[in-house]
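A short write-up of the structure that comes next.
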Amino acid sequence: MGRGLNGLGRALLTALIVAMLLSGFWACARPPAMTPSVPKPLAGAVRFTLLAPGATQVFLVGSFNGWANKATPMKIVEGSSLWSVDVPLAEGEHTFMYLIDGVRWMTPPQAEEFVTDGFGQTNGVVIVR
Amino acid sequence: MRTRIDSVMGVLSVMAALTATVAWAEPLSVQDRDAITRLGSAQGRSENEIAPLLDHVNKVGERGLPTESLLNKVREGLAKGVEPKRIDPVLRQMTSRLESAHEVLQEAGSRGMEEGNRQRAIETMAEAFSRGATVDEVRELSRLSQDGRHKATQEELAAGAKSLAVMKEGRVPSKDGAALVGEGMKQGYRSSELLDLSREVKRRGSDFEEGRASLKAIREQVSRGERSDRLFKDEGHSGSGGGDRGDRGDRGGRDRREDSSRERSERQDRDRSGGGDRSDRIERPERVDRPERPEKSDRIERPERLERSERSGSGRDH
């Protein structure tokens with residue numbers, strides 16, 4: 001009887017280990033979910049992300065593109081409200097905002113620093129080292 | 001024959017002198033003027049409204065001051081739909097800071113401090129002033145930085161001034177901040193190292209204020225020659241540092257930044273809850289980010305940080 005239980009316990013333990021291994025493998029195999037964050041340095045670029053539910057168009061506008069409204073469109077991540085774009089930036093500090101649907105200027109919810117623009121709004125600052 | 005050669009040389013000298021003046025004065029290029037006029041007209045602004053702004057920038061350039069930050073501010077204002085007459089006072093304030101920066105750097109130069117990148121030095125120093133550094137503090141930094149083996153340049157002095165301003169934003173007393181920045185400059189910290197150090201100190205401002213960390217200890221580490229990226233290593237933060245930060249490695253710092261960002265996001269939601277979106281904030285600046293220190297109309301204070309003012313962010317400045 002005791003021996004039977006022992007065997008059952010071992011089988012359960014093995015099943016548990018296999019399940020853990022599989023879930024670990026599954027987690028590694030899936031691409032990491034993108035979440036909104038402070039502009040993130042990648043190789044040769046910086047990734048900007050913004051959660052903008054209901055937006056139909058989002059542009060990244062800043063000192064690096066001469067504040068040209070439509071120069072840097074962001075792409076929506078399928079099945080989410082997350083917008084993202086990777087931009088190659090020179091070393092230094094760059095100010096930026098998001099332009100939503102061509103009319104609404106939005107201060108970045110997340111940035112390394114913030115700076116008032118002198119016109120009553122606040123720019124985010126991205127620092128490229 | 002000799003006369004002809006002399007006259008050719010004369011003409012060439014005049015041409016070279018003119019070219020040098022143009023390069024130094026950095027007047028507004030036709031392309032810049034056209035591009036900005038186009039940007040303005042896309043926003044429904046006539047050439048007549050924009051011309052005074054461009055003339056102002058041009059005059060600043062003719063006086064030998066850098067114009068990049070001013071041009072960027074014009075572009076930014078027009079892109080955001082700001083009326084040119086509201087852009088003008090912002091430009092004037094920025095110009096006044098550029099002039100002060102030029103003067104204080106000239107003063108340092110007259111005491112034998114080497115120039116470095118002059119344009120960058122002026123723009124960085126102007127930003128330092130906009131963020132709260134004073135001429136007296138710059139003089140003190142200049143004095144401190146010349147004591148060591150490493151002789152700082154004007155460009156490094158400007159970065160030092162900006163670093164001190166950043167530390168003051170983190171409520172670090174001016175004297176302590178100047179001593180730390182001065183020590184960094186004496187030890188030959190690069191501009192980027194000074195700025196990273198100051199940002200880290202600013203982030204930990206409350207730790208220093210409440211005695212959980214000591215600026216004196218940090219200064220002693222700096223005086224022993226430790227680089228800025230080593231200073232905060234023991235505390236679970238990779239900290240400042242001019243080196244390759246990869247994913248910025250600075251989880252602690254980043255987490256704090258993200259926390260601040262979240263607070264800020266929530267605050268903005270509250271701002272918006274009154275109705276209109278942020279686009280109309282351009283027309284009603286009194287509703288947003290009201291400076292808490294009226295004597296510095298362009299600075300605003302947040303629970304965890306003082307923010308910076310009117311930087312156009314024209315790329316590398318440190």
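Just remember, in the structure tokens the first chain shown is A, the second B, etc., residues are 1-based per chain, and ligands are 1-based in the order shown.
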
Once you count only C-alpha atoms, which residues of chain A turn out to be within 8 Å of chain B? Could you give them as a VMD selection string? chain A and resid 37 to 38 40 to 42 62 to 64 66 to 69 90 to 95 103 to 106 109 to 122 125 129

Just N, CA and C atoms for this one: save the residues we selected as an mmCIF file, in the first residue's frame.
```cif
data_model
loop_
_atom_site.group_PDB
_atom_site.id
_atom_site.type_symbol
_atom_site.label_atom_id
_atom_site.label_comp_id
_atom_site.auth_asym_id
_atom_site.auth_seq_id
_atom_site.Cartn_x
_atom_site.Cartn_y
_atom_site.Cartn_z
ATOM 1 N N SER A 37 6.305 51.906 -21.952
ATOM 2 C CA SER A 37 7.402 52.143 -21.015
ATOM 3 C C SER A 37 8.133 53.425 -21.390
ATOM 4 N N VAL A 38 9.088 53.754 -20.568
ATOM 5 C CA VAL A 38 10.005 54.850 -20.886
ATOM 6 C C VAL A 38 10.682 54.487 -22.209
ATOM 7 N N LYS A 40 12.869 53.130 -24.840
ATOM 8 C CA LYS A 40 13.824 52.086 -24.506
ATOM 9 C C LYS A 40 14.904 51.990 -25.584
ATOM 10 N N PRO A 41 16.179 52.041 -25.198
ATOM 11 C CA PRO A 41 17.225 51.929 -26.213
ATOM 12 C C PRO A 41 17.324 50.508 -26.756
ATOM 13 N N LEU A 42 17.387 50.415 -28.082
ATOM 14 C CA LEU A 42 17.625 49.127 -28.741
ATOM 15 C C LEU A 42 18.925 49.307 -29.506
ATOM 16 N N GLY A 62 9.089 65.466 -32.423
ATOM 17 C CA GLY A 62 10.079 65.984 -31.488
ATOM 18 C C GLY A 62 11.212 66.714 -32.159
ATOM 19 N N SER A 63 12.185 67.088 -31.337
ATOM 20 C CA SER A 63 13.321 67.858 -31.855
ATOM 21 C C SER A 63 14.106 67.053 -32.890
ATOM 22 N N PHE A 64 14.077 65.723 -32.769
ATOM 23 C CA PHE A 64 14.852 64.885 -33.686
ATOM 24 C C PHE A 64 14.264 64.846 -35.087
ATOM 25 N N GLY A 66 12.596 67.620 -36.277
ATOM 26 C CA GLY A 66 12.304 69.022 -36.582
ATOM 27 C C GLY A 66 10.859 69.396 -36.294
ATOM 28 N N TRP A 67 10.244 68.677 -35.369
ATOM 29 C CA TRP A 67 8.846 68.913 -35.002
ATOM 30 C C TRP A 67 7.927 68.841 -36.225
ATOM 31 N N ALA A 68 8.285 67.958 -37.152
ATOM 32 C CA ALA A 68 7.429 67.745 -38.328
ATOM 33 C C ALA A 68 6.320 66.767 -37.921
ATOM 34 N N ASN A 69 5.094 67.246 -38.000
ATOM 35 C CA ASN A 69 3.962 66.500 -37.433
ATOM 36 C C ASN A 69 3.793 65.076 -37.941
ATOM 37 N N ALA A 90 20.431 60.256 -32.547
ATOM 38 C CA ALA A 90 21.824 60.605 -32.234
ATOM 39 C C ALA A 90 21.993 60.705 -30.723
ATOM 40 N N GLU A 91 23.230 60.558 -30.287
ATOM 41 C CA GLU A 91 23.536 60.697 -28.864
ATOM 42 C C GLU A 91 23.156 62.105 -28.398
ATOM 43 N N GLY A 92 22.604 62.197 -27.228
ATOM 44 C CA GLY A 92 22.224 63.515 -26.709
ATOM 45 C C GLY A 92 20.836 63.487 -26.112
ATOM 46 N N GLU A 93 20.259 64.659 -25.942
ATOM 47 C CA GLU A 93 18.931 64.765 -25.343
ATOM 48 C C GLU A 93 17.955 65.278 -26.403
ATOM 49 N N HIS A 94 16.797 64.673 -26.426
ATOM 50 C CA HIS A 94 15.794 65.042 -27.423
ATOM 51 C C HIS A 94 14.450 65.220 -26.730
ATOM 52 N N THR A 95 13.746 66.283 -27.089
ATOM 53 C CA THR A 95 12.419 66.499 -26.514
ATOM 54 C C THR A 95 11.362 65.962 -27.486
ATOM 55 N N VAL A 103 -4.671 66.052 -33.941
ATOM 56 C CA VAL A 103 -5.158 67.251 -33.236
ATOM 57 C C VAL A 103 -4.757 67.317 -31.767
ATOM 58 N N ARG A 104 -4.554 66.178 -31.164
ATOM 59 C CA ARG A 104 -4.351 66.199 -29.708
ATOM 60 C C ARG A 104 -2.880 65.948 -29.365
ATOM 61 N N TRP A 105 -2.240 66.977 -28.791
ATOM 62 C CA TRP A 105 -0.845 66.848 -28.357
ATOM 63 C C TRP A 105 -0.843 66.219 -26.972
ATOM 64 N N MET A 106 -0.066 65.175 -26.843
ATOM 65 C CA MET A 106 -0.051 64.473 -25.569
ATOM 66 C C MET A 106 1.364 64.421 -24.991
ATOM 67 N N PRO A 109 3.388 59.971 -21.161
ATOM 68 C CA PRO A 109 3.154 59.561 -19.777
ATOM 69 C C PRO A 109 4.447 59.063 -19.123
ATOM 70 N N GLN A 110 5.348 58.542 -19.949
ATOM 71 C CA GLN A 110 6.596 58.025 -19.394
ATOM 72 C C GLN A 110 7.787 58.553 -20.180
ATOM 73 N N ALA A 111 8.728 59.141 -19.465
ATOM 74 C CA ALA A 111 9.953 59.635 -20.095
ATOM 75 C C ALA A 111 11.013 59.773 -19.019
ATOM 76 N N GLU A 112 12.249 59.868 -19.448
ATOM 77 C CA GLU A 112 13.330 59.983 -18.450
ATOM 78 C C GLU A 112 13.264 61.310 -17.720
ATOM 79 N N GLU A 113 12.916 62.350 -18.455
ATOM 80 C CA GLU A 113 12.775 63.666 -17.846
ATOM 81 C C GLU A 113 11.645 64.396 -18.555
ATOM 82 N N PHE A 114 11.226 65.492 -17.954
ATOM 83 C CA PHE A 114 10.185 66.310 -18.569
ATOM 84 C C PHE A 114 10.638 67.758 -18.586
ATOM 85 N N VAL A 115 10.157 68.498 -19.556
ATOM 86 C CA VAL A 115 10.555 69.890 -19.680
ATOM 87 C C VAL A 115 9.364 70.718 -20.174
ATOM 88 N N THR A 116 9.146 71.855 -19.556
ATOM 89 C CA THR A 116 8.063 72.708 -20.056
ATOM 90 C C THR A 116 8.515 73.309 -21.382
ATOM 91 N N ASP A 117 7.563 73.530 -22.264
ATOM 92 C CA ASP A 117 7.950 73.983 -23.602
ATOM 93 C C ASP A 117 7.880 75.503 -23.773
ATOM 94 N N GLY A 118 7.469 76.201 -22.733
ATOM 95 C CA GLY A 118 7.360 77.663 -22.836
ATOM 96 C C GLY A 118 6.016 78.101 -23.389
ATOM 97 N N PHE A 119 5.250 77.137 -23.904
ATOM 98 C CA PHE A 119 3.947 77.470 -24.488
ATOM 99 C C PHE A 119 2.807 76.895 -23.640
ATOM 100 N N GLY A 120 3.139 76.388 -22.492
ATOM 101 C CA GLY A 120 2.096 75.863 -21.608
ATOM 102 C C GLY A 120 1.933 74.364 -21.629
ATOM 103 N N GLN A 121 2.801 73.691 -22.342
ATOM 104 C CA GLN A 121 2.723 72.229 -22.346
ATOM 105 C C GLN A 121 4.049 71.645 -21.852
ATOM 106 N N THR A 122 4.077 70.353 -21.746
ATOM 107 C CA THR A 122 5.277 69.691 -21.224
ATOM 108 C C THR A 122 5.757 68.635 -22.206
ATOM 109 N N VAL A 125 11.553 64.039 -22.348
ATOM 110 C CA VAL A 125 12.948 64.092 -22.805
ATOM 111 C C VAL A 125 13.476 62.671 -22.869
ATOM 112 N N ARG A 129 22.554 57.747 -24.772
ATOM 113 C CA ARG A 129 23.949 57.762 -24.328
ATOM 114 C C ARG A 129 24.842 57.015 -25.302
#
```

Find the residues around stretch 52-67 of chain B up to 9 Å (only C-alpha atoms counted), leave out those fewer than 2 positions away in its own chain, and share them as an MDAnalysis selection string. chainID B and resid 21:22 24:29 33 36 48:50 69:72 74 84:85 87:88 91:92 95 98:99 102 118:120 122:123

Give the strand (DSSP E or B) residues of stretch 44-114 of chain A, as DSSP finds them on the backbone, and put them as a ChimeraX atom specification. /A:45-51,58-62,73,75-76,82-87,92-100,104-106,113-114

Selection from above, N, CA and C atoms, as a JSON list (two decimals), in the first residue's frame, can you write it?
```json
[["chain", "number", "residue", "atom", "x", "y", "z"],
["A", 45, "ALA", "N", 18.73, 52.25, -32.16],
["A", 45, "ALA", "CA", 17.46, 52.98, -32.19],
["A", 45, "ALA", "C", 16.89, 53.09, -30.78],
["A", 46, "VAL", "N", 15.81, 53.84, -30.69],
["A", 46, "VAL", "CA", 15.09, 53.93, -29.42],
["A", 46, "VAL", "C", 13.64, 53.55, -29.70],
["A", 47, "ARG", "N", 13.07, 52.71, -28.84],
["A", 47, "ARG", "CA", 11.67, 52.31, -29.03],
["A", 47, "ARG", "C", 10.76, 53.17, -28.17],
["A", 48, "PHE", "N", 9.81, 53.82, -28.83],
["A", 48, "PHE", "CA", 8.80, 54.62, -28.15],
["A", 48, "PHE", "C", 7.50, 53.83, -28.14],
["A", 49, "THR", "N", 6.83, 53.79, -27.00],
["A", 49, "THR", "CA", 5.55, 53.08, -26.91],
["A", 49, "THR", "C", 4.53, 53.95, -26.18],
["A", 50, "LEU", "N", 3.31, 53.85, -26.63],
["A", 50, "LEU", "CA", 2.26, 54.66, -26.00],
["A", 50, "LEU", "C", 0.94, 53.89, -26.03],
["A", 51, "LEU", "N", 0.26, 53.91, -24.93],
["A", 51, "LEU", "CA", -1.08, 53.31, -24.86],
["A", 51, "LEU", "C", -2.08, 54.41, -25.21],
["A", 58, "VAL", "N", -1.37, 57.85, -34.57],
["A", 58, "VAL", "CA", -0.49, 58.47, -33.56],
["A", 58, "VAL", "C", 0.84, 58.78, -34.22],
["A", 59, "PHE", "N", 1.34, 60.00, -34.00],
["A", 59, "PHE", "CA", 2.65, 60.39, -34.53],
["A", 59, "PHE", "C", 3.56, 60.76, -33.37],
["A", 60, "LEU", "N", 4.83, 60.41, -33.54],
["A", 60, "LEU", "CA", 5.85, 60.83, -32.59],
["A", 60, "LEU", "C", 6.47, 62.10, -33.17],
["A", 61, "VAL", "N", 6.44, 63.17, -32.41],
["A", 61, "VAL", "CA", 6.94, 64.45, -32.92],
["A", 61, "VAL", "C", 7.95, 65.02, -31.93],
["A", 62, "GLY", "N", 9.09, 65.47, -32.42],
["A", 62, "GLY", "CA", 10.08, 65.98, -31.49],
["A", 62, "GLY", "C", 11.21, 66.71, -32.16],
["A", 73, "PRO", "N", 5.26, 58.31, -38.05],
["A", 73, "PRO", "CA", 4.02, 57.66, -37.63],
["A", 73, "PRO", "C", 4.31, 56.45, -36.74],
["A", 75, "LYS", "N", 3.03, 52.67, -35.15],
["A", 75, "LYS", "CA", 2.18, 51.55, -35.60],
["A", 75, "LYS", "C", 1.49, 50.94, -34.41],
["A", 76, "ILE", "N", 0.24, 50.53, -34.64],
["A", 76, "ILE", "CA", -0.48, 49.89, -33.54],
["A", 76, "ILE", "C", -0.08, 48.42, -33.44],
["A", 82, "LEU", "N", -1.85, 49.60, -28.01],
["A", 82, "LEU", "CA", -0.47, 50.04, -27.85],
["A", 82, "LEU", "C", 0.12, 50.47, -29.20],
["A", 83, "TRP", "N", 0.72, 51.65, -29.21],
["A", 83, "TRP", "CA", 1.36, 52.17, -30.41],
["A", 83, "TRP", "C", 2.86, 52.17, -30.18],
["A", 84, "SER", "N", 3.59, 51.90, -31.26],
["A", 84, "SER", "CA", 5.03, 51.76, -31.08],
["A", 84, "SER", "C", 5.79, 52.21, -32.33],
["A", 85, "VAL", "N", 6.99, 52.72, -32.13],
["A", 85, "VAL", "CA", 7.86, 53.02, -33.26],
["A", 85, "VAL", "C", 9.31, 52.99, -32.77],
["A", 86, "ASP", "N", 10.19, 52.51, -33.63],
["A", 86, "ASP", "CA", 11.63, 52.51, -33.33],
["A", 86, "ASP", "C", 12.27, 53.61, -34.16],
["A", 87, "VAL", "N", 13.01, 54.48, -33.50],
["A", 87, "VAL", "CA", 13.61, 55.62, -34.21],
["A", 87, "VAL", "C", 15.11, 55.66, -33.93],
["A", 92, "GLY", "N", 22.60, 62.20, -27.23],
["A", 92, "GLY", "CA", 22.22, 63.51, -26.71],
["A", 92, "GLY", "C", 20.84, 63.49, -26.11],
["A", 93, "GLU", "N", 20.26, 64.66, -25.94],
["A", 93, "GLU", "CA", 18.93, 64.77, -25.34],
["A", 93, "GLU", "C", 17.95, 65.28, -26.40],
["A", 94, "HIS", "N", 16.80, 64.67, -26.43],
["A", 94, "HIS", "CA", 15.79, 65.04, -27.42],
["A", 94, "HIS", "C", 14.45, 65.22, -26.73],
["A", 95, "THR", "N", 13.75, 66.28, -27.09],
["A", 95, "THR", "CA", 12.42, 66.50, -26.51],
["A", 95, "THR", "C", 11.36, 65.96, -27.49],
["A", 96, "PHE", "N", 10.25, 65.52, -26.94],
["A", 96, "PHE", "CA", 9.21, 64.95, -27.81],
["A", 96, "PHE", "C", 7.84, 64.97, -27.17],
["A", 97, "MET", "N", 6.83, 64.84, -28.03],
["A", 97, "MET", "CA", 5.43, 64.65, -27.60],
["A", 97, "MET", "C", 4.78, 63.69, -28.57],
["A", 98, "TYR", "N", 3.57, 63.27, -28.25],
["A", 98, "TYR", "CA", 2.80, 62.45, -29.18],
["A", 98, "TYR", "C", 1.66, 63.29, -29.73],
["A", 99, "LEU", "N", 1.38, 63.09, -31.01],
["A", 99, "LEU", "CA", 0.25, 63.79, -31.64],
["A", 99, "LEU", "C", -0.79, 62.73, -32.02],
["A", 100, "ILE", "N", -1.94, 62.84, -31.40],
["A", 100, "ILE", "CA", -2.98, 61.81, -31.59],
["A", 100, "ILE", "C", -4.06, 62.33, -32.51],
["A", 104, "ARG", "N", -4.55, 66.18, -31.16],
["A", 104, "ARG", "CA", -4.35, 66.20, -29.71],
["A", 104, "ARG", "C", -2.88, 65.95, -29.37],
["A", 105, "TRP", "N", -2.24, 66.98, -28.79],
["A", 105, "TRP", "CA", -0.85, 66.85, -28.36],
["A", 105, "TRP", "C", -0.84, 66.22, -26.97],
["A", 106, "MET", "N", -0.07, 65.17, -26.84],
["A", 106, "MET", "CA", -0.05, 64.47, -25.57],
["A", 106, "MET", "C", 1.36, 64.42, -24.99],
["A", 113, "GLU", "N", 12.92, 62.35, -18.45],
["A", 113, "GLU", "CA", 12.77, 63.67, -17.85],
["A", 113, "GLU", "C", 11.65, 64.40, -18.56],
["A", 114, "PHE", "N", 11.23, 65.49, -17.95],
["A", 114, "PHE", "CA", 10.18, 66.31, -18.57],
["A", 114, "PHE", "C", 10.64, 67.76, -18.59]]
```

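Pairwise distance (atom CA of B:Glu68, atom CA of B:Glu156) equals 19.7 Å.
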
So the first atom is atom CA of B:Ala178 and the second is atom CA of B:Arg212; what is the distance between them in Å, to one decimal place? 20.3 Å

Determine which residues of stretch 25-70 of chain A receive a DSSP assignment of alpha helix (DSSP H), computed from the backbone, and state them as a list in words. Phe25, Trp26, Ala27, Cys28 and Ala29 of chain A

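As for atom CA of B:Val172 and atom CA of B:Arg97, they are spaced 23.1 Å apart.
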
Nearest to A:Asp101, chosen from A:Thr72, A:Ser81, A:Asn65, A:Gln57, with only C-alpha atoms counted in the distances: A:Gln57
